[in-house]
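To be precise, the following lines are data.csv, and they hold CSV, C-alpha atoms.
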```csv
chain,number,residue,atom,x,y,z
C,1,MET,CA,-49.1,49.3,34.3
C,2,ALA,CA,-48.8,51.1,30.9
C,3,ASN,CA,-51.1,49.9,28.2
C,4,PHE,CA,-49.5,49.7,24.8
C,5,SER,CA,-52.0,49.2,22.0
C,6,ALA,CA,-50.5,47.8,18.8
C,7,GLY,CA,-53.2,46.4,16.5
C,8,PRO,CA,-52.7,43.1,14.7
C,9,VAL,CA,-49.3,43.0,12.9
C,10,PRO,CA,-49.1,42.4,9.2
C,11,ARG,CA,-48.7,38.8,8.0
C,12,ASP,CA,-45.0,39.3,7.1
C,13,ALA,CA,-44.3,40.5,10.6
C,14,LEU,CA,-46.1,37.5,12.1
C,15,ASP,CA,-44.3,35.1,9.9
C,16,TYR,CA,-41.0,36.5,11.0
C,17,PHE,CA,-41.9,35.9,14.7
C,18,ARG,CA,-43.3,32.4,14.1
C,19,ASP,CA,-40.3,31.2,12.2
C,20,LYS,CA,-38.0,31.6,15.3
C,21,ASP,CA,-36.8,28.6,17.2
C,22,LEU,CA,-36.8,28.5,21.0
C,23,ARG,CA,-33.3,29.2,22.5
C,24,VAL,CA,-32.6,29.1,26.3
C,25,GLY,CA,-30.1,31.6,27.6
C,26,PHE,CA,-29.0,32.8,31.0
C,27,ASP,CA,-27.8,36.2,29.9
C,28,TYR,CA,-29.3,38.4,27.1
C,29,ARG,CA,-25.8,38.3,25.5
C,30,ASP,CA,-26.0,34.5,25.0
C,31,VAL,CA,-28.1,35.1,21.9
C,32,TRP,CA,-26.7,38.0,20.0
C,33,GLY,CA,-27.3,40.2,17.0
C,34,GLN,CA,-28.4,38.4,13.8
C,35,GLU,CA,-29.2,35.3,15.9
C,36,HIS,CA,-32.4,37.0,16.9
C,37,ALA,CA,-33.6,36.5,13.3
C,38,HIS,CA,-34.1,32.8,14.0
C,39,ALA,CA,-34.0,32.4,17.8
C,40,PHE,CA,-36.6,33.5,20.4
C,41,THR,CA,-35.0,33.9,23.8
C,42,VAL,CA,-35.7,35.5,27.1
C,43,ALA,CA,-32.7,35.9,29.5
C,44,LYS,CA,-32.9,33.6,32.6
C,45,ALA,CA,-35.7,31.6,31.0
C,46,MET,CA,-33.8,28.3,31.2
C,47,LYS,CA,-36.6,25.9,30.6
C,48,LEU,CA,-38.4,25.5,27.2
C,49,ASP,CA,-41.8,25.4,28.8
C,50,ILE,CA,-41.3,28.9,30.2
C,51,LEU,CA,-40.1,30.2,26.9
C,52,ASP,CA,-43.0,28.5,25.2
C,53,ASP,CA,-45.5,30.2,27.5
C,54,ILE,CA,-44.0,33.6,26.8
C,55,ARG,CA,-43.9,33.0,23.0
C,56,ALA,CA,-47.4,31.6,22.9
C,57,GLY,CA,-48.7,34.7,24.7
C,58,LEU,CA,-46.7,37.0,22.3
C,59,ASP,CA,-47.9,35.1,19.2
C,60,GLU,CA,-51.6,35.6,20.3
C,61,ALA,CA,-51.0,39.2,21.2
C,62,LEU,CA,-49.3,40.0,17.8
C,63,ALA,CA,-51.9,38.1,15.8
C,64,GLU,CA,-54.9,39.6,17.5
C,65,GLY,CA,-53.5,43.0,18.2
C,66,LYS,CA,-53.8,42.6,22.0
C,67,THR,CA,-52.5,45.4,24.2
C,68,PHE,CA,-49.6,45.0,26.5
C,69,ARG,CA,-52.0,45.0,29.5
C,70,ASP,CA,-53.9,42.0,28.0
C,71,PHE,CA,-50.7,40.2,27.2
C,72,ALA,CA,-49.3,40.7,30.7
C,73,ALA,CA,-52.5,39.7,32.4
C,74,GLU,CA,-52.6,36.4,30.5
C,75,VAL,CA,-48.9,35.5,30.8
C,76,LYS,CA,-48.1,36.6,34.3
C,77,PRO,CA,-50.2,33.9,36.2
C,78,LYS,CA,-48.7,31.1,34.1
C,79,LEU,CA,-45.2,32.3,34.9
C,80,GLN,CA,-46.0,32.7,38.5
C,81,LYS,CA,-47.4,29.2,38.7
C,82,LYS,CA,-44.2,27.8,37.3
C,83,GLY,CA,-42.1,29.9,39.7
C,84,TRP,CA,-40.6,32.2,37.1
C,85,TRP,CA,-41.4,35.5,38.8
C,86,GLY,CA,-39.6,37.9,41.1
C,87,VAL,CA,-36.0,37.8,42.3
C,88,LYS,CA,-34.5,34.3,42.8
C,89,GLU,CA,-31.1,32.6,43.0
C,90,LEU,CA,-29.9,30.7,39.8
C,91,ILE,CA,-26.7,29.1,38.8
C,92,ASP,CA,-25.1,30.7,35.7
C,93,PRO,CA,-24.2,27.7,33.5
C,94,GLU,CA,-21.3,29.7,32.0
C,95,THR,CA,-19.5,30.5,35.2
C,96,GLY,CA,-21.0,27.9,37.6
C,97,GLU,CA,-21.7,30.7,40.1
C,98,ARG,CA,-24.9,31.2,42.0
C,99,GLU,CA,-26.4,34.6,41.3
C,100,GLU,CA,-29.4,36.6,42.6
C,101,VAL,CA,-31.4,37.4,39.4
C,102,GLN,CA,-34.6,39.1,38.3
C,103,LEU,CA,-37.0,36.7,36.6
C,104,GLY,CA,-40.4,37.8,35.6
C,105,SER,CA,-41.6,41.3,36.4
C,106,PRO,CA,-44.0,43.9,34.8
C,107,ARG,CA,-41.0,45.8,33.5
C,108,ARG,CA,-39.4,42.7,31.9
C,109,LEU,CA,-42.7,41.7,30.3
C,110,LYS,CA,-43.0,45.2,28.8
C,111,THR,CA,-39.5,45.0,27.3
C,112,ILE,CA,-40.2,41.6,25.9
C,113,TYR,CA,-43.5,42.7,24.4
C,114,GLN,CA,-42.2,46.0,22.9
C,115,SER,CA,-38.9,44.5,21.6
C,116,ASN,CA,-40.6,41.6,19.8
C,117,LEU,CA,-43.4,43.8,18.5
C,118,ARG,CA,-41.0,46.4,17.0
C,119,SER,CA,-38.6,43.9,15.5
C,120,ALA,CA,-41.4,41.9,13.9
C,121,ARG,CA,-43.0,45.0,12.5
C,122,ALA,CA,-39.6,46.1,11.1
C,123,ALA,CA,-39.1,42.7,9.4
C,124,GLY,CA,-42.5,42.9,7.9
C,125,GLN,CA,-42.0,46.5,6.7
C,126,TRP,CA,-38.7,45.5,5.1
C,127,GLN,CA,-40.4,42.7,3.1
C,128,ARG,CA,-43.1,45.1,1.9
C,129,ALA,CA,-40.5,47.6,0.9
C,130,GLN,CA,-38.8,45.0,-1.2
C,131,ARG,CA,-42.1,44.2,-3.0
C,132,THR,CA,-43.0,47.9,-3.6
C,133,LYS,CA,-39.5,49.5,-4.2
C,134,GLU,CA,-40.2,49.9,-7.9
C,135,THR,CA,-42.9,52.6,-7.1
C,136,LEU,CA,-41.6,53.6,-3.7
C,137,PRO,CA,-37.8,53.4,-4.0
C,138,PHE,CA,-36.7,55.4,-1.0
C,139,LEU,CA,-36.8,55.1,2.8
C,140,LEU,CA,-36.8,58.2,5.1
C,141,TYR,CA,-35.5,57.8,8.6
C,142,GLU,CA,-37.8,59.5,11.2
C,143,LEU,CA,-37.9,59.9,14.9
C,144,GLY,CA,-40.7,58.1,16.8
C,145,PRO,CA,-42.9,59.4,19.6
C,146,SER,CA,-40.4,59.0,22.4
C,147,GLU,CA,-39.9,62.0,24.7
C,148,ASN,CA,-36.2,61.6,24.7
C,149,HIS,CA,-34.1,60.5,21.8
C,150,ARG,CA,-30.5,59.3,21.5
C,151,ASP,CA,-28.3,62.2,20.1
C,152,GLU,CA,-27.1,60.0,17.2
C,153,HIS,CA,-30.7,59.1,16.2
C,154,VAL,CA,-31.6,62.8,16.1
C,155,LYS,CA,-28.7,63.3,13.7
C,156,TRP,CA,-29.9,60.4,11.5
C,157,ALA,CA,-33.4,61.9,11.2
C,158,GLY,CA,-34.1,63.1,7.7
C,159,THR,CA,-31.8,60.6,6.0
C,160,LEU,CA,-33.4,59.7,2.7
C,161,LEU,CA,-31.7,56.8,0.9
C,162,PRO,CA,-32.7,54.1,-1.7
C,163,VAL,CA,-34.4,51.0,-0.2
C,164,ASP,CA,-31.4,48.9,-1.1
C,165,HIS,CA,-28.7,51.2,0.2
C,166,PRO,CA,-26.2,49.4,2.4
C,167,TRP,CA,-26.8,51.9,5.3
C,168,TRP,CA,-30.1,50.1,6.0
C,169,ARG,CA,-28.3,46.9,6.7
C,170,ASP,CA,-27.3,48.3,10.1
C,171,HIS,CA,-29.6,51.3,10.6
C,172,MET,CA,-33.1,49.9,9.9
C,173,PRO,CA,-34.9,50.8,13.2
C,174,PRO,CA,-35.4,49.9,15.9
C,175,ASN,CA,-31.8,50.6,16.8
C,176,GLY,CA,-31.7,49.9,20.5
C,177,TYR,CA,-33.8,49.0,23.5
C,178,GLY,CA,-36.7,51.4,23.7
C,179,CYS,CA,-36.0,52.9,20.3
C,180,LYS,CA,-39.1,54.1,18.6
C,181,CYS,CA,-37.5,55.4,15.4
C,182,ARG,CA,-39.1,54.4,12.2
C,183,VAL,CA,-38.7,54.6,8.4
C,184,ARG,CA,-41.3,55.9,5.9
C,185,GLN,CA,-41.2,54.6,2.3
C,186,VAL,CA,-41.6,57.4,-0.3
C,187,SER,CA,-41.9,57.7,-4.0
C,188,ARG,CA,-39.4,59.3,-6.4
C,189,THR,CA,-41.7,62.3,-6.8
C,190,GLU,CA,-42.0,62.8,-3.1
C,191,ALA,CA,-38.3,62.4,-2.6
C,192,GLU,CA,-37.7,65.2,-5.2
C,193,ARG,CA,-40.2,67.5,-3.4
C,194,MET,CA,-38.5,66.9,-0.1
C,195,GLU,CA,-35.1,67.7,-1.7
C,196,ARG,CA,-36.5,71.0,-3.0
C,197,GLU,CA,-38.6,72.1,0.0
C,198,GLY,CA,-37.0,70.3,2.9
C,199,ILE,CA,-38.9,68.5,5.7
C,200,GLN,CA,-40.2,69.4,9.1
C,201,LYS,CA,-37.5,69.6,11.7
C,202,PRO,CA,-38.3,66.8,14.2
C,203,MET,CA,-36.9,68.6,17.2
C,204,ALA,CA,-38.3,72.0,16.5
C,205,GLU,CA,-39.5,74.0,19.5
C,206,LEU,CA,-43.0,73.5,20.7
C,207,GLU,CA,-45.7,76.0,19.8
C,208,ILE,CA,-47.0,78.2,22.6
C,209,ASN,CA,-50.6,79.3,22.9
C,210,PRO,CA,-50.4,83.1,23.1
C,211,GLU,CA,-53.6,83.2,25.2
C,212,THR,CA,-52.6,80.7,27.8
C,213,GLY,CA,-48.9,80.7,27.6
C,214,LEU,CA,-48.9,76.9,27.5
C,215,PRO,CA,-47.5,74.5,25.0
C,216,THR,CA,-50.0,73.4,22.3
C,217,GLY,CA,-48.3,70.0,21.9
C,218,ARG,CA,-47.4,70.8,18.3
C,219,ARG,CA,-44.0,71.8,17.1
C,220,GLN,CA,-43.2,75.1,15.3
C,221,ARG,CA,-42.9,75.0,11.5
C,222,GLN,CA,-39.2,74.7,11.0
C,223,VAL,CA,-37.7,73.2,7.9
C,224,MET,CA,-34.5,71.2,7.5
C,225,PRO,CA,-32.9,69.7,4.4
C,226,VAL,CA,-33.1,66.0,3.8
C,227,ARG,CA,-29.8,64.1,3.8
C,228,ARG,CA,-29.2,62.2,0.5
C,229,GLU,CA,-25.9,60.6,1.7
C,230,PRO,CA,-25.5,58.3,4.7
C,231,PRO,CA,-24.4,60.1,7.9
C,232,PRO,CA,-20.8,59.8,8.9
C,233,THR,CA,-20.0,56.6,10.7
C,234,GLU,CA,-18.4,56.8,14.2
C,235,THR,CA,-17.4,53.2,14.8
C,236,VAL,CA,-17.0,51.9,18.4
C,237,SER,CA,-16.0,48.5,19.5
C,238,TYR,CA,-18.1,46.4,21.9
C,239,THR,CA,-17.0,43.1,23.5
C,240,ASN,CA,-19.6,40.6,24.4
C,241,ARG,CA,-18.1,39.4,27.7
C,242,ARG,CA,-20.2,36.2,27.6
C,243,THR,CA,-18.9,35.0,24.2
C,244,GLY,CA,-15.7,37.1,23.7
C,245,GLU,CA,-17.1,38.2,20.4
C,246,ILE,CA,-16.0,41.7,19.4
C,247,THR,CA,-18.5,43.8,17.4
C,248,GLN,CA,-17.8,47.0,15.5
C,249,VAL,CA,-20.9,49.2,15.4
C,250,ASP,CA,-21.8,52.7,14.6
C,251,GLN,CA,-22.1,54.9,17.7
C,252,GLY,CA,-25.8,55.2,18.5
C,253,LEU,CA,-26.5,51.5,17.6
C,254,HIS,CA,-26.9,49.0,20.4
C,255,PRO,CA,-24.9,45.9,19.4
C,256,ALA,CA,-27.9,43.6,20.0
C,257,TRP,CA,-29.9,45.7,17.5
C,258,SER,CA,-27.3,46.6,14.9
C,259,SER,CA,-28.9,44.5,12.1
C,260,ASN,CA,-31.9,44.6,9.8
C,261,PRO,CA,-34.5,42.0,11.0
C,262,GLY,CA,-36.0,41.7,7.5
C,263,GLN,CA,-32.7,41.1,5.8
C,264,ASP,CA,-31.6,38.7,8.5
C,265,ARG,CA,-34.9,36.7,8.1
C,266,VAL,CA,-34.3,36.4,4.4
C,267,ARG,CA,-30.8,35.1,5.0
C,268,VAL,CA,-32.0,32.6,7.5
C,269,LEU,CA,-34.8,31.3,5.4
C,270,ARG,CA,-32.5,30.8,2.5
C,271,GLY,CA,-30.2,28.8,4.7
C,272,GLN,CA,-33.1,26.7,5.9
C,273,LEU,CA,-34.0,25.8,2.4
C,274,ALA,CA,-30.7,24.0,1.9
C,275,ASP,CA,-30.9,22.4,5.4
C,276,LYS,CA,-34.3,21.0,4.7
C,277,ALA,CA,-33.3,19.6,1.3
C,278,ASP,CA,-30.5,17.8,3.2
C,279,THR,CA,-33.0,15.8,5.3
C,280,VAL,CA,-35.1,14.2,2.6
C,281,ASP,CA,-34.4,11.5,0.0
C,282,GLN,CA,-32.6,12.5,-3.2
C,283,ARG,CA,-35.6,12.4,-5.5
C,284,LEU,CA,-37.5,14.9,-3.3
C,285,ALA,CA,-34.4,17.0,-2.6
C,286,ARG,CA,-33.8,17.4,-6.4
C,287,ALA,CA,-37.4,18.4,-6.9
C,288,THR,CA,-37.1,21.0,-4.1
C,289,VAL,CA,-33.9,22.4,-5.5
C,290,ARG,CA,-35.3,22.7,-9.0
C,291,ASP,CA,-38.3,24.6,-7.7
C,292,VAL,CA,-36.0,27.0,-5.7
C,293,MET,CA,-33.6,27.6,-8.6
C,294,ALA,CA,-36.5,28.2,-11.0
C,295,SER,CA,-38.2,30.8,-8.7
C,296,PRO,CA,-37.7,34.5,-8.0
C,297,ILE,CA,-35.8,33.5,-4.9
C,298,LEU,CA,-32.7,33.0,-7.2
C,299,ASP,CA,-33.2,36.4,-8.8
C,300,GLU,CA,-33.3,38.1,-5.4
C,301,TRP,CA,-30.2,36.2,-4.3
C,302,ALA,CA,-28.3,37.1,-7.5
C,303,ALA,CA,-29.2,40.8,-7.1
C,304,LYS,CA,-28.0,40.8,-3.5
C,305,PRO,CA,-26.1,37.6,-2.5
C,306,ALA,CA,-26.8,36.8,1.2
C,307,GLY,CA,-27.1,33.5,2.9
C,308,GLU,CA,-27.2,30.2,1.1
C,309,LEU,CA,-29.4,28.7,-1.6
C,310,PRO,CA,-29.6,25.0,-2.5
C,311,ALA,CA,-28.0,24.8,-6.0
C,312,GLY,CA,-28.2,21.1,-6.7
C,313,VAL,CA,-27.9,17.6,-5.4
C,314,ILE,CA,-24.9,15.3,-6.1
C,315,GLY,CA,-25.1,11.4,-6.2
C,316,ARG,CA,-24.4,9.2,-3.2
C,317,ARG,CA,-21.1,7.9,-4.4
C,318,ALA,CA,-19.8,11.4,-5.2
C,319,GLN,CA,-20.9,12.5,-1.7
C,320,GLN,CA,-19.1,9.5,-0.2
C,321,ALA,CA,-16.0,10.2,-2.3
C,322,LEU,CA,-15.8,13.7,-0.8
C,323,GLY,CA,-16.6,12.5,2.8
C,324,ALA,CA,-19.4,15.0,3.0
C,325,LYS,CA,-22.4,14.7,5.3
C,326,SER,CA,-24.4,16.9,2.9
C,327,GLN,CA,-26.0,15.8,-0.4
C,328,VAL,CA,-26.9,19.4,-1.2
C,329,VAL,CA,-24.5,21.8,-3.0
C,330,ARG,CA,-24.9,25.3,-1.6
C,331,LEU,CA,-24.7,28.5,-3.5
C,332,THR,CA,-23.0,31.1,-1.3
C,333,PRO,CA,-22.0,34.7,-1.6
C,334,ALA,CA,-18.4,33.5,-2.0
C,335,ALA,CA,-19.3,31.9,-5.3
C,336,ALA,CA,-20.8,35.2,-6.6
C,337,SER,CA,-17.9,37.4,-5.5
C,338,GLY,CA,-15.0,35.3,-6.8
C,339,GLY,CA,-13.8,34.9,-10.4
C,340,ARG,CA,-16.1,35.0,-13.4
C,341,SER,CA,-19.4,36.7,-13.4
C,342,VAL,CA,-22.3,34.2,-13.8
C,343,ALA,CA,-25.6,35.0,-15.3
C,344,VAL,CA,-28.8,34.1,-13.5
C,345,GLY,CA,-29.8,31.8,-16.4
C,346,ASP,CA,-26.6,29.8,-15.9
C,347,TYR,CA,-27.2,29.4,-12.2
C,348,ARG,CA,-30.6,28.0,-13.1
C,349,ALA,CA,-29.0,25.1,-14.9
C,350,LEU,CA,-27.1,24.0,-11.8
C,351,PRO,CA,-29.7,21.4,-10.6
C,352,GLU,CA,-29.4,19.6,-13.9
C,353,ILE,CA,-25.6,20.0,-14.2
C,354,LEU,CA,-25.0,18.6,-10.7
C,355,SER,CA,-27.5,15.7,-10.9
C,356,ALA,CA,-26.9,14.6,-14.6
C,357,GLY,CA,-23.3,15.7,-15.2
C,358,GLU,CA,-20.1,13.7,-15.3
C,359,ALA,CA,-18.5,13.8,-11.8
C,360,ILE,CA,-14.7,14.0,-11.6
C,361,ARG,CA,-13.1,13.8,-8.2
C,362,GLN,CA,-10.0,16.0,-8.2
C,363,ASP,CA,-8.9,15.5,-4.6
C,364,ASP,CA,-10.3,14.6,-1.2
C,365,ARG,CA,-12.2,17.9,-1.1
C,366,THR,CA,-12.9,18.8,-4.7
C,367,LEU,CA,-15.3,17.6,-7.3
C,368,VAL,CA,-15.8,19.0,-10.8
C,369,VAL,CA,-19.0,18.1,-12.5
C,370,LEU,CA,-19.0,18.4,-16.3
C,371,HIS,CA,-22.2,18.8,-18.4
C,372,GLN,CA,-22.9,19.8,-22.0
C,373,ARG,CA,-25.5,22.4,-22.7
C,374,GLY,CA,-26.1,22.8,-26.4
C,375,ASN,CA,-22.6,23.0,-28.0
C,376,GLN,CA,-20.9,24.2,-24.8
C,377,TRP,CA,-19.4,22.2,-22.0
C,378,TRP,CA,-19.7,23.6,-18.5
C,379,ALA,CA,-17.8,22.8,-15.3
C,380,ALA,CA,-19.2,23.2,-11.8
C,381,THR,CA,-16.5,23.0,-9.1
C,382,VAL,CA,-17.8,21.8,-5.8
C,383,ARG,CA,-15.7,22.0,-2.5
C,384,ARG,CA,-16.3,20.3,0.8
C,385,ASP,CA,-15.9,22.5,3.9
C,386,ASP,CA,-13.6,20.7,6.4
C,387,GLU,CA,-15.3,21.9,9.5
C,388,ALA,CA,-19.0,21.7,8.5
C,389,GLU,CA,-18.6,18.8,6.1
C,390,LYS,CA,-21.0,20.6,3.7
C,391,LEU,CA,-20.7,21.2,0.0
C,392,ALA,CA,-20.5,24.6,-1.7
C,393,LEU,CA,-20.2,25.7,-5.3
C,394,GLU,CA,-16.8,27.2,-5.8
C,395,ALA,CA,-17.1,28.1,-9.5
C,396,LEU,CA,-19.4,27.6,-12.6
C,397,GLU,CA,-17.8,28.3,-16.0
C,398,PRO,CA,-17.7,27.2,-19.6
C,399,VAL,CA,-14.7,25.1,-20.6
C,400,SER,CA,-12.9,24.4,-23.8
C,401,ASP,CA,-12.2,21.0,-25.2
C,402,GLU,CA,-8.6,21.3,-23.9
C,403,GLN,CA,-9.7,22.2,-20.4
C,404,LEU,CA,-12.3,19.4,-20.5
C,405,GLN,CA,-9.6,16.8,-21.2
C,406,GLN,CA,-7.3,18.3,-18.5
C,407,ILE,CA,-10.0,17.9,-15.9
C,408,ARG,CA,-10.7,14.3,-16.9
C,409,ASN,CA,-7.0,13.4,-17.0
C,410,ARG,CA,-6.1,14.7,-13.5
C,411,GLY,CA,-9.2,13.2,-11.7
C,412,GLU,CA,-11.2,10.1,-11.0
C,413,THR,CA,-14.6,9.6,-12.6
C,414,ILE,CA,-17.3,8.8,-10.0
C,415,ARG,CA,-20.2,6.8,-11.3
C,416,ASP,CA,-23.5,6.4,-9.5
```
Structure translated into structure tokens:
Amino acid sequence: MANFSAGPVPRDALDYFRDKDLRVGFDYRDVWGQEHAHAFTVAKAMKLDILDDIRAGLDEALAEGKTFRDFAAEVKPKLQKKGWWGVKELIDPETGEREEVQLGSPRRLKTIYQSNLRSARAAGQWQRAQRTKETLPFLLYELGPSENHRDEHVKWAGTLLPVDHPWWRDHMPPNGYGCKCRVRQVSRTEAERMEREGIQKPMAELEINPETGLPTGRRQRQVMPVRREPPPTETVSYTNRRTGEITQVDQGLHPAWSSNPGQDRVRVLRGQLADKADTVDQRLARATVRDVMASPILDEWAAKPAGELPAGVIGRRAQQALGAKSQVVRLTPAAASGGRSVAVGDYRALPEILSAGEAIRQDDRTLVVLHQRGNQWWAATVRRDDEAEKLALEALEPVSDEQLQQIRNRGETIRD
């Protein structure tokens, strides 16, 4: 059994792994793409205790830097004792058919270990890149130590792009099962040198020792230029036959890996902030929202809107008037992309506007909250989502005295 030594993962990487919820699934396609940012799953592990044993073993291995051999030696007996090992017959809950399936095996444990290790490290590296991008503003795509590489990944090697370039949303490695590609963060000075001098060609021919005629294990010095533009995209369609979902991905990306674990984790954590604020009393919810909207979390969201942020809390009667299950008004990318541009400082005022403002119900789904800041009146438009019964900010804008009167005239004031 191969022994993969990893060393303890950084704290960011471990946090990414520990934030995941357990999710049972019969087929690996039951939990897909960005869902992996918040769900830990192992195909055919249909009981939570099995999943928990595997995750606990992985958690210890990641935290303590245990090798694959150590991880497998500790987890295998537990899985065998519970009957989750070898080939057995199971009923697919999706089809109701009985199938002969592979449960635990050394090969499956190796895939589980490597996949979680690499995605956790990628998520941690992305968080560090965000913290240090002022001094190290570029990422360089590099091939890893695999003997065989996907042709597309070879073409991507040498791509040098800013940390926040959209290409990294899909192409942050790993980019498939067994992919060992990586990125290296570089400074502006190093990027300029690479552009002048080129970089080592990753697939250069091996050096030959002239005395023995045998390969030295090193590659010949062959220079290639760095790529300062994203490689051309060759889009292919993939249909998840379990869910019917159709995914468009760049050729060379496996659909299950065509996302950035670090970005996905940020999106999920932002959404969790709003969900958690919905589960507590209004006083605590309002305090939580004020802390979030006063923190750098809002600055990061405004620079690159993704996921949700809790923007404020409305009163109980306003919530009831809209028929909403949620007390939290969510700030979503839709609010940032539509209509008037809103400054971060204006967004910061939302907790006060939504809690202390004058609530005017416009219709069954729409509430406008009016609030005066200095000499200027502001209007925050809140809409209820019919399906989720949640509340989202639709618009935040200053209003004139005439607009103020129009809003009051066509609506019903809600008093808490």
Could you pull the residues within 7 Å of Arg169 (chain C), counting only C-alpha atoms, minus those fewer than 2 positions along the same chain, as a CSV table (one decimal) with C-alpha atoms, keeping the file's coordinate frame?
```
chain,number,residue,atom,x,y,z
C,166,PRO,CA,-26.2,49.4,2.4
C,167,TRP,CA,-26.8,51.9,5.3
C,171,HIS,CA,-29.6,51.3,10.6
C,172,MET,CA,-33.1,49.9,9.9
C,259,SER,CA,-28.9,44.5,12.1
C,260,ASN,CA,-31.9,44.6,9.8
```
Option closest in space to Thr243 (chain C), from C:Glu352, C:Glu394, C:Asp15, C:Glu94 [counting all atoms listed in the file] |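 Closest residue, counting all atoms listed in the file: C:Glu94.
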Hey, what's within 7 Å of region 54-61 of chain C if we count all atoms listed in the file and toss same-chain stuff fewer than 4 positions away? As a PyMOL selection string, please?
-> chain C and resi 50+65-66+71+75+113
CA of Arg118 (chain C) and CA of Asp70 (chain C), how far apart in Å?
->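 According to the coordinates, CA of Asp70 (chain C) and CA of Arg118 (chain C) are separated by 17.5 Å.
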State, in Å with one decimal place, the distance from CA of Val344 (chain C) to CA of Asp416 (chain C).
->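 Separation of CA of Val344 (chain C) and CA of Asp416 (chain C): 28.5 Å.
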Would you mind listing what lies within 9 Å of Arg410 (chain C) as a PyMOL selection string, with all atoms listed in the file counted and same-chain residues fewer than 4 positions away left out?
-> chain C and resi 360-362+405-406
Mind checking which residues fall within 12 Å of Asp299 (chain C), counting all atoms listed in the file, ignoring those fewer than 2 positions away in the same chain, and posting them as a list in words?
->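 The neighbour list is Val292, Met293, Ala294, Ser295, Pro296, Ile297, Trp301, Ala302, Ala303, Lys304, Pro305, Ala306, Leu309, Ala343, Val344, Gly345, Asp346, Tyr347 and Arg348 of chain C.
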Between CA of Ser341 (chain C) and CA of Ile314 (chain C) - distance in Å to one decimal =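 Rounded to one decimal, the two atoms are 23.3 Å apart.
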Compare C:Thr247, C:Gln222, C:Ser326, C:Gln80 by their minimum atom-to-atom distance to Thr279 (chain C), counting only C-alpha atoms, and give me the closest one.
-> C:Ser326
Of the candidates C:Val186, C:Leu79, C:Leu117, C:Val154, which one gets nearest to Thr132 (chain C) if we count all atoms listed in the file?
-> C:Val186
Residues at most 10 Å from Gln319 (chain C), counting only C-alpha atoms, excluding those fewer than 3 positions away in the same chain, as a ChimeraX atom specification?
-> /C:313-316,322-328,367,384,390-391,414
Nearest to Arg365 (chain C): which of C:Leu140, C:Ala318, C:Val183, C:Ala395 is it, counting all atoms listed in the file?
->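 When distances to Arg365 (chain C) are compared using all atoms listed in the file, the smallest one comes from C:Ala318.
In terms of minimum interatomic distance to Trp168 (chain C), C:Pro261 ranks closest within C:Asp151, C:Pro202, C:Pro261, C:Thr135, counting all atoms listed in the file.
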